[in-house]
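*Asks:* File name my_file_13.csv; file contents CSV, C-alpha atoms; full text below.
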```csv
chain,number,residue,atom,x,y,z
A,1,MET,CA,-38.7,-7.4,16.7
A,2,SER,CA,-35.9,-10.0,17.0
A,3,GLU,CA,-32.3,-9.0,17.2
A,4,SER,CA,-30.2,-10.0,14.2
A,5,ALA,CA,-26.5,-9.6,13.6
A,6,PRO,CA,-25.4,-6.0,14.0
A,7,LYS,CA,-25.4,-3.9,10.8
A,8,SER,CA,-22.1,-2.3,9.7
A,9,THR,CA,-21.9,1.5,9.7
A,10,PRO,CA,-20.5,2.9,6.4
A,11,GLN,CA,-17.5,4.5,8.1
A,12,SER,CA,-16.8,2.0,10.8
A,13,LEU,CA,-13.1,0.9,11.0
A,14,LEU,CA,-11.4,-1.8,13.0
A,15,ILE,CA,-7.6,-1.2,13.4
A,16,VAL,CA,-5.6,-4.3,14.3
A,17,ASP,CA,-2.0,-3.9,15.2
A,18,ASP,CA,0.1,-5.0,18.2
A,19,ASP,CA,1.8,-1.6,18.4
A,20,MET,CA,-0.5,0.3,20.9
A,21,ALA,CA,1.1,3.7,20.2
A,22,PHE,CA,0.5,3.3,16.4
A,23,THR,CA,-3.1,2.1,16.8
A,24,SER,CA,-3.8,5.1,19.1
A,25,VAL,CA,-2.4,7.6,16.7
A,26,LEU,CA,-4.0,6.1,13.7
A,27,ALA,CA,-7.4,5.8,15.4
A,28,ARG,CA,-7.3,9.6,16.2
A,29,ALA,CA,-6.2,10.4,12.7
A,30,MET,CA,-8.9,8.3,11.1
A,31,ASN,CA,-11.6,9.6,13.5
A,32,ALA,CA,-10.6,13.1,12.3
A,33,ARG,CA,-11.3,11.9,8.7
A,34,GLY,CA,-14.8,10.7,9.6
A,35,TYR,CA,-14.2,7.1,10.5
A,36,ILE,CA,-15.7,5.5,13.7
A,37,CYS,CA,-12.7,3.5,15.0
A,38,SER,CA,-12.3,0.5,17.3
A,39,VAL,CA,-8.9,-0.9,18.1
A,40,ALA,CA,-7.5,-4.4,18.7
A,41,ASN,CA,-4.0,-5.2,19.7
A,42,GLY,CA,-4.3,-8.9,19.2
A,43,ALA,CA,-6.1,-11.6,17.2
A,44,ALA,CA,-8.6,-12.6,19.8
A,45,THR,CA,-9.8,-9.1,20.5
A,46,ALA,CA,-9.9,-8.4,16.7
A,47,LEU,CA,-12.2,-11.3,16.1
A,48,GLN,CA,-14.4,-10.4,19.1
A,49,LEU,CA,-14.8,-6.8,17.9
A,50,ALA,CA,-15.4,-7.8,14.3
A,51,ALA,CA,-18.2,-10.2,15.3
A,52,GLN,CA,-19.8,-7.6,17.7
A,53,SER,CA,-19.6,-4.4,15.6
A,54,ARG,CA,-19.3,-5.8,12.0
A,55,PRO,CA,-17.1,-2.9,10.8
A,56,ALA,CA,-17.2,-1.9,7.2
A,57,TYR,CA,-13.3,-1.7,7.1
A,58,CYS,CA,-10.3,-3.2,8.8
A,59,VAL,CA,-6.7,-2.1,8.7
A,60,LEU,CA,-4.7,-5.2,9.7
A,61,ASP,CA,-1.0,-5.5,10.4
A,62,LEU,CA,0.8,-8.5,8.9
A,63,LYS,CA,2.8,-9.1,12.1
A,64,LEU,CA,0.7,-9.4,15.3
A,65,GLY,CA,3.2,-10.5,18.0
A,66,GLU,CA,3.1,-14.2,17.7
A,67,SER,CA,0.2,-14.2,15.3
A,68,ASN,CA,0.2,-13.6,11.5
A,69,GLY,CA,-2.3,-11.2,9.9
A,70,LEU,CA,-2.5,-13.3,6.8
A,71,LYS,CA,-4.0,-16.2,8.8
A,72,LEU,CA,-6.4,-13.8,10.5
A,73,ILE,CA,-8.0,-12.5,7.2
A,74,PRO,CA,-10.4,-15.4,6.6
A,75,GLU,CA,-11.4,-15.5,10.3
A,76,LEU,CA,-12.1,-11.8,10.3
A,77,LEU,CA,-14.2,-12.1,7.1
A,78,GLN,CA,-16.1,-15.0,8.7
A,79,ALA,CA,-16.8,-12.9,11.8
A,80,ALA,CA,-17.8,-9.8,9.7
A,81,PRO,CA,-18.8,-10.8,6.1
A,82,GLY,CA,-18.4,-8.0,3.6
A,83,MET,CA,-15.7,-6.2,5.7
A,84,ARG,CA,-13.0,-4.7,3.4
A,85,ILE,CA,-9.5,-5.5,4.7
A,86,LEU,CA,-6.4,-3.4,4.1
A,87,LEU,CA,-3.3,-5.3,5.1
A,88,LEU,CA,-0.3,-3.2,6.3
A,89,THR,CA,3.1,-4.7,6.1
A,90,GLY,CA,6.6,-3.6,6.9
A,91,TYR,CA,7.8,-6.7,5.0
A,92,ALA,CA,6.3,-5.9,1.6
A,93,SER,CA,6.8,-8.6,-1.0
A,94,ILE,CA,4.8,-9.7,-4.0
A,95,ALA,CA,4.2,-13.1,-2.6
A,96,THR,CA,2.8,-11.6,0.6
A,97,ALA,CA,0.5,-9.3,-1.4
A,98,VAL,CA,-0.7,-12.1,-3.7
A,99,GLU,CA,-1.4,-14.3,-0.6
A,100,ALA,CA,-3.2,-11.5,1.2
A,101,ILE,CA,-5.5,-11.0,-1.8
A,102,LYS,CA,-6.1,-14.7,-2.2
A,103,ARG,CA,-7.2,-14.9,1.5
A,104,GLY,CA,-9.7,-12.1,1.0
A,105,ALA,CA,-7.9,-8.8,1.7
A,106,HIS,CA,-8.9,-6.0,-0.7
A,107,ASP,CA,-5.6,-4.2,-0.7
A,108,TYR,CA,-2.3,-3.8,1.0
A,109,LEU,CA,0.1,-1.0,1.8
A,110,ALA,CA,3.8,-1.1,2.8
A,111,LYS,CA,4.7,0.5,6.1
A,112,PRO,CA,5.3,3.3,7.0
A,113,ALA,CA,1.9,4.4,5.7
A,114,ASP,CA,0.3,7.6,6.9
A,115,ALA,CA,-3.4,8.2,7.6
A,116,ASP,CA,-3.9,9.9,4.2
A,117,GLN,CA,-2.5,6.9,2.4
A,118,ILE,CA,-4.7,4.6,4.4
A,119,ALA,CA,-7.8,6.8,3.9
A,120,ARG,CA,-7.1,6.8,0.1
A,121,ALA,CA,-6.7,3.0,0.0
A,122,LEU,CA,-10.0,2.5,2.0
A,123,ALA,CA,-11.8,5.0,-0.3
A,124,ALA,CA,-10.6,3.1,-3.3
A,125,HIS,CA,-12.5,0.1,-2.1
A,126,ALA,CA,-15.5,1.8,-0.8
A,127,PRO,CA,-18.9,0.9,-2.3
A,128,ARG,CA,-19.9,3.5,-4.8
A,129,GLN,CA,-22.1,6.3,-3.3
A,130,SER,CA,-25.4,6.8,-5.0
A,131,THR,CA,-24.5,10.5,-5.6
A,132,MET,CA,-21.7,9.5,-7.9
A,133,ALA,CA,-22.4,9.1,-11.6
A,134,ALA,CA,-22.0,5.3,-12.2
A,135,PRO,CA,-20.6,4.2,-15.5
A,136,PRO,CA,-23.1,2.4,-17.8
A,137,ALA,CA,-23.5,-1.3,-17.0
A,138,ASP,CA,-22.0,-2.3,-20.3
A,139,ALA,CA,-19.0,0.0,-20.0
A,140,PRO,CA,-15.7,-1.9,-20.0
A,141,PRO,CA,-13.4,-1.5,-16.9
A,142,PRO,CA,-10.7,1.2,-17.2
A,143,LEU,CA,-7.5,0.1,-19.0
A,144,LYS,CA,-5.3,0.6,-15.9
A,145,ARG,CA,-7.6,-1.6,-13.8
A,146,LEU,CA,-7.6,-4.3,-16.5
A,147,GLU,CA,-3.8,-4.2,-16.7
A,148,TRP,CA,-3.6,-4.5,-12.9
A,149,GLU,CA,-6.0,-7.4,-12.8
A,150,HIS,CA,-4.1,-9.2,-15.6
A,151,ILE,CA,-0.7,-8.7,-13.8
A,152,GLN,CA,-2.2,-10.1,-10.5
A,153,ARG,CA,-3.7,-13.1,-12.4
A,154,ILE,CA,-0.3,-13.9,-13.9
A,155,LEU,CA,1.5,-13.4,-10.6
A,156,GLY,CA,-1.0,-15.8,-9.0
A,157,GLU,CA,-0.3,-18.4,-11.8
A,158,THR,CA,3.4,-18.1,-11.2
A,159,GLY,CA,3.2,-18.3,-7.4
A,160,GLY,CA,4.5,-14.7,-7.1
A,161,ASN,CA,7.7,-15.3,-9.2
A,162,ILE,CA,8.5,-11.9,-10.6
A,163,SER,CA,10.9,-13.1,-13.3
A,164,GLU,CA,8.5,-15.7,-14.6
A,165,ALA,CA,5.6,-13.3,-14.5
A,166,ALA,CA,7.6,-10.6,-16.4
A,167,ARG,CA,8.6,-13.2,-19.0
A,168,ARG,CA,4.9,-14.2,-19.5
A,169,LEU,CA,3.8,-10.6,-19.6
A,170,GLY,CA,6.5,-9.7,-22.2
A,171,MET,CA,8.1,-7.0,-20.0
A,172,HIS,CA,11.4,-6.5,-18.2
A,173,ARG,CA,11.4,-7.6,-14.6
A,174,ARG,CA,12.2,-4.1,-13.3
A,175,THR,CA,9.3,-2.7,-15.2
A,176,LEU,CA,7.0,-5.2,-13.6
A,177,GLN,CA,8.4,-4.3,-10.2
A,178,ARG,CA,7.8,-0.6,-10.8
A,179,LYS,CA,4.2,-1.3,-11.8
A,180,LEU,CA,3.7,-3.4,-8.6
A,181,ALA,CA,5.2,-0.7,-6.4
A,182,LYS,CA,2.6,1.7,-7.5
A,183,HIS,CA,-0.8,1.6,-5.8
A,184,PRO,CA,-3.4,0.2,-8.1
A,185,VAL,CA,-5.5,3.1,-9.5
A,186,ARG,CA,-9.3,2.8,-9.2
A,187,GLU,CA,-10.5,5.2,-11.9
A,188,ARG,CA,-13.8,6.8,-11.2
A,189,PRO,CA,-15.7,9.4,-13.2
A,190,ASN,CA,-15.4,12.9,-11.8
A,191,PRO,CA,-18.6,13.5,-9.9
A,192,GLY,CA,-18.6,17.2,-10.9
A,193,HIS,CA,-18.8,16.4,-14.6
A,194,ALA,CA,-21.6,14.6,-16.5
```
Rewrite the structure from the file as structure tokens, please.
*Replies:*
Amino acid sequence: MSESAPKSTPQSLLIVDDDMAFTSVLARAMNARGYICSVANGAATALQLAAQSRPAYCVLDLKLGESNGLKLIPELLQAAPGMRILLLTGYASIATAVEAIKRGAHDYLAKPADADQIARALAAHAPRQSTMAAPPADAPPPLKRLEWEHIQRILGETGGNISEAARRLGMHRRTLQRKLAKHPVRERPNPGHA
């Protein structure tokens, strides 16, 4: 049997941050939550680990010493197609978030983010488990998800300009900022109820 590209393990996680103390603490915390973690403190190591182990998830810092996490997103996805990327940033801005999503990130969190917040964000973008009751194929997406997607589309059209996006959406700028500050909700049916 010939060897092909390594297959991703469902709970495999690549943590990419130039802060060694942070990556060490986060890796231990995520291991305790059932993730199999590998750590990279620079772009070259991150790309090498992504290509070798094909992790299911990546927690990526925006600032990587001299490098930029945004620029690394497409390269990571090329090295490990299908990997879901969560961008961490201490410099949260709408423009950064929009750019991260455009480049292929699945979500972003503002620092400081704890392991529980990171685990929730990763779970929100996990492929549905077969044990969960899936909504009917013709069921429309939840209203909150539609609203979030519409806001993101308008933000993209306005180049991240909050005032212009708020005007187009017919809401006050501060209302839009509050909505964007909240983590987008992924509504799922309660697996305990039919």
*Asks:* Nearest to Ala124 in chain A among A:Ala181, A:Met171, A:Leu14, A:Ile85, with distances taken over only C-alpha atoms: which residue is it?
*Replies:*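 Between A:Ala181, A:Met171, A:Leu14, A:Ile85, the residue approaching Ala124 in chain A most closely is A:Ile85.
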*Asks:* For the point (-11.9, -11.7, 14.5) in the file's frame, write as a short mmCIF file (atom, residue, chain, number, x, y, z; two decimals) with C-alpha atoms, in the coordinates of the input all residues with an atom no more than 10 Å away, counting all atoms listed in the file.
*Replies:*
```cif
data_model
loop_
_atom_site.label_atom_id
_atom_site.label_comp_id
_atom_site.auth_asym_id
_atom_site.auth_seq_id
_atom_site.Cartn_x
_atom_site.Cartn_y
_atom_site.Cartn_z
CA VAL A 16 -5.60 -4.30 14.30
CA ALA A 40 -7.50 -4.40 18.70
CA GLY A 42 -4.30 -8.90 19.20
CA ALA A 43 -6.10 -11.60 17.20
CA ALA A 44 -8.60 -12.60 19.80
CA THR A 45 -9.80 -9.10 20.50
CA ALA A 46 -9.90 -8.40 16.70
CA LEU A 47 -12.20 -11.30 16.10
CA GLN A 48 -14.40 -10.40 19.10
CA LEU A 49 -14.80 -6.80 17.90
CA ALA A 50 -15.40 -7.80 14.30
CA ALA A 51 -18.20 -10.20 15.30
CA GLN A 52 -19.80 -7.60 17.70
CA ARG A 54 -19.30 -5.80 12.00
CA LEU A 72 -6.40 -13.80 10.50
CA ILE A 73 -8.00 -12.50 7.20
CA PRO A 74 -10.40 -15.40 6.60
CA GLU A 75 -11.40 -15.50 10.30
CA LEU A 76 -12.10 -11.80 10.30
CA LEU A 77 -14.20 -12.10 7.10
CA GLN A 78 -16.10 -15.00 8.70
CA ALA A 79 -16.80 -12.90 11.80
CA ALA A 80 -17.80 -9.80 9.70
#
```
*Asks:* Suppose you want the space between CA of Leu60 in chain A and CA of Ala165 in chain A; what is it in Å?
*Replies:*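 These two atoms are separated by 27.5 Å.
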*Asks:* Extract, using only C-alpha atoms, all DNA, RNA and protein residues at most 12 Å from Thr158 in chain A, discarding same-chain residues fewer than 4 positions from it, and format them as a PyMOL selection string.
*Replies:* chain A and resi 94-95+98+151-154+162-169
*Asks:* Interatomic distance between CA of Asp61 in chain A and CA of Asp107 in chain A?
*Replies:*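 Computing it gives 12.1 Å between the two atoms.
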*Asks:* Pick out the residues sitting within 12 Å of Val25 in chain A, and hand them over as a count of residues only; count all atoms listed in the file, and ignore anything fewer than 6 positions along from it in its own chain.
*Replies:* 9
*Asks:* Calculate how many Å separate CA of Arg103 in chain A from CA of Glu147 in chain A, rounding to one decimal.
*Replies:*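 That distance, rounded to one decimal, is 21.4 Å.
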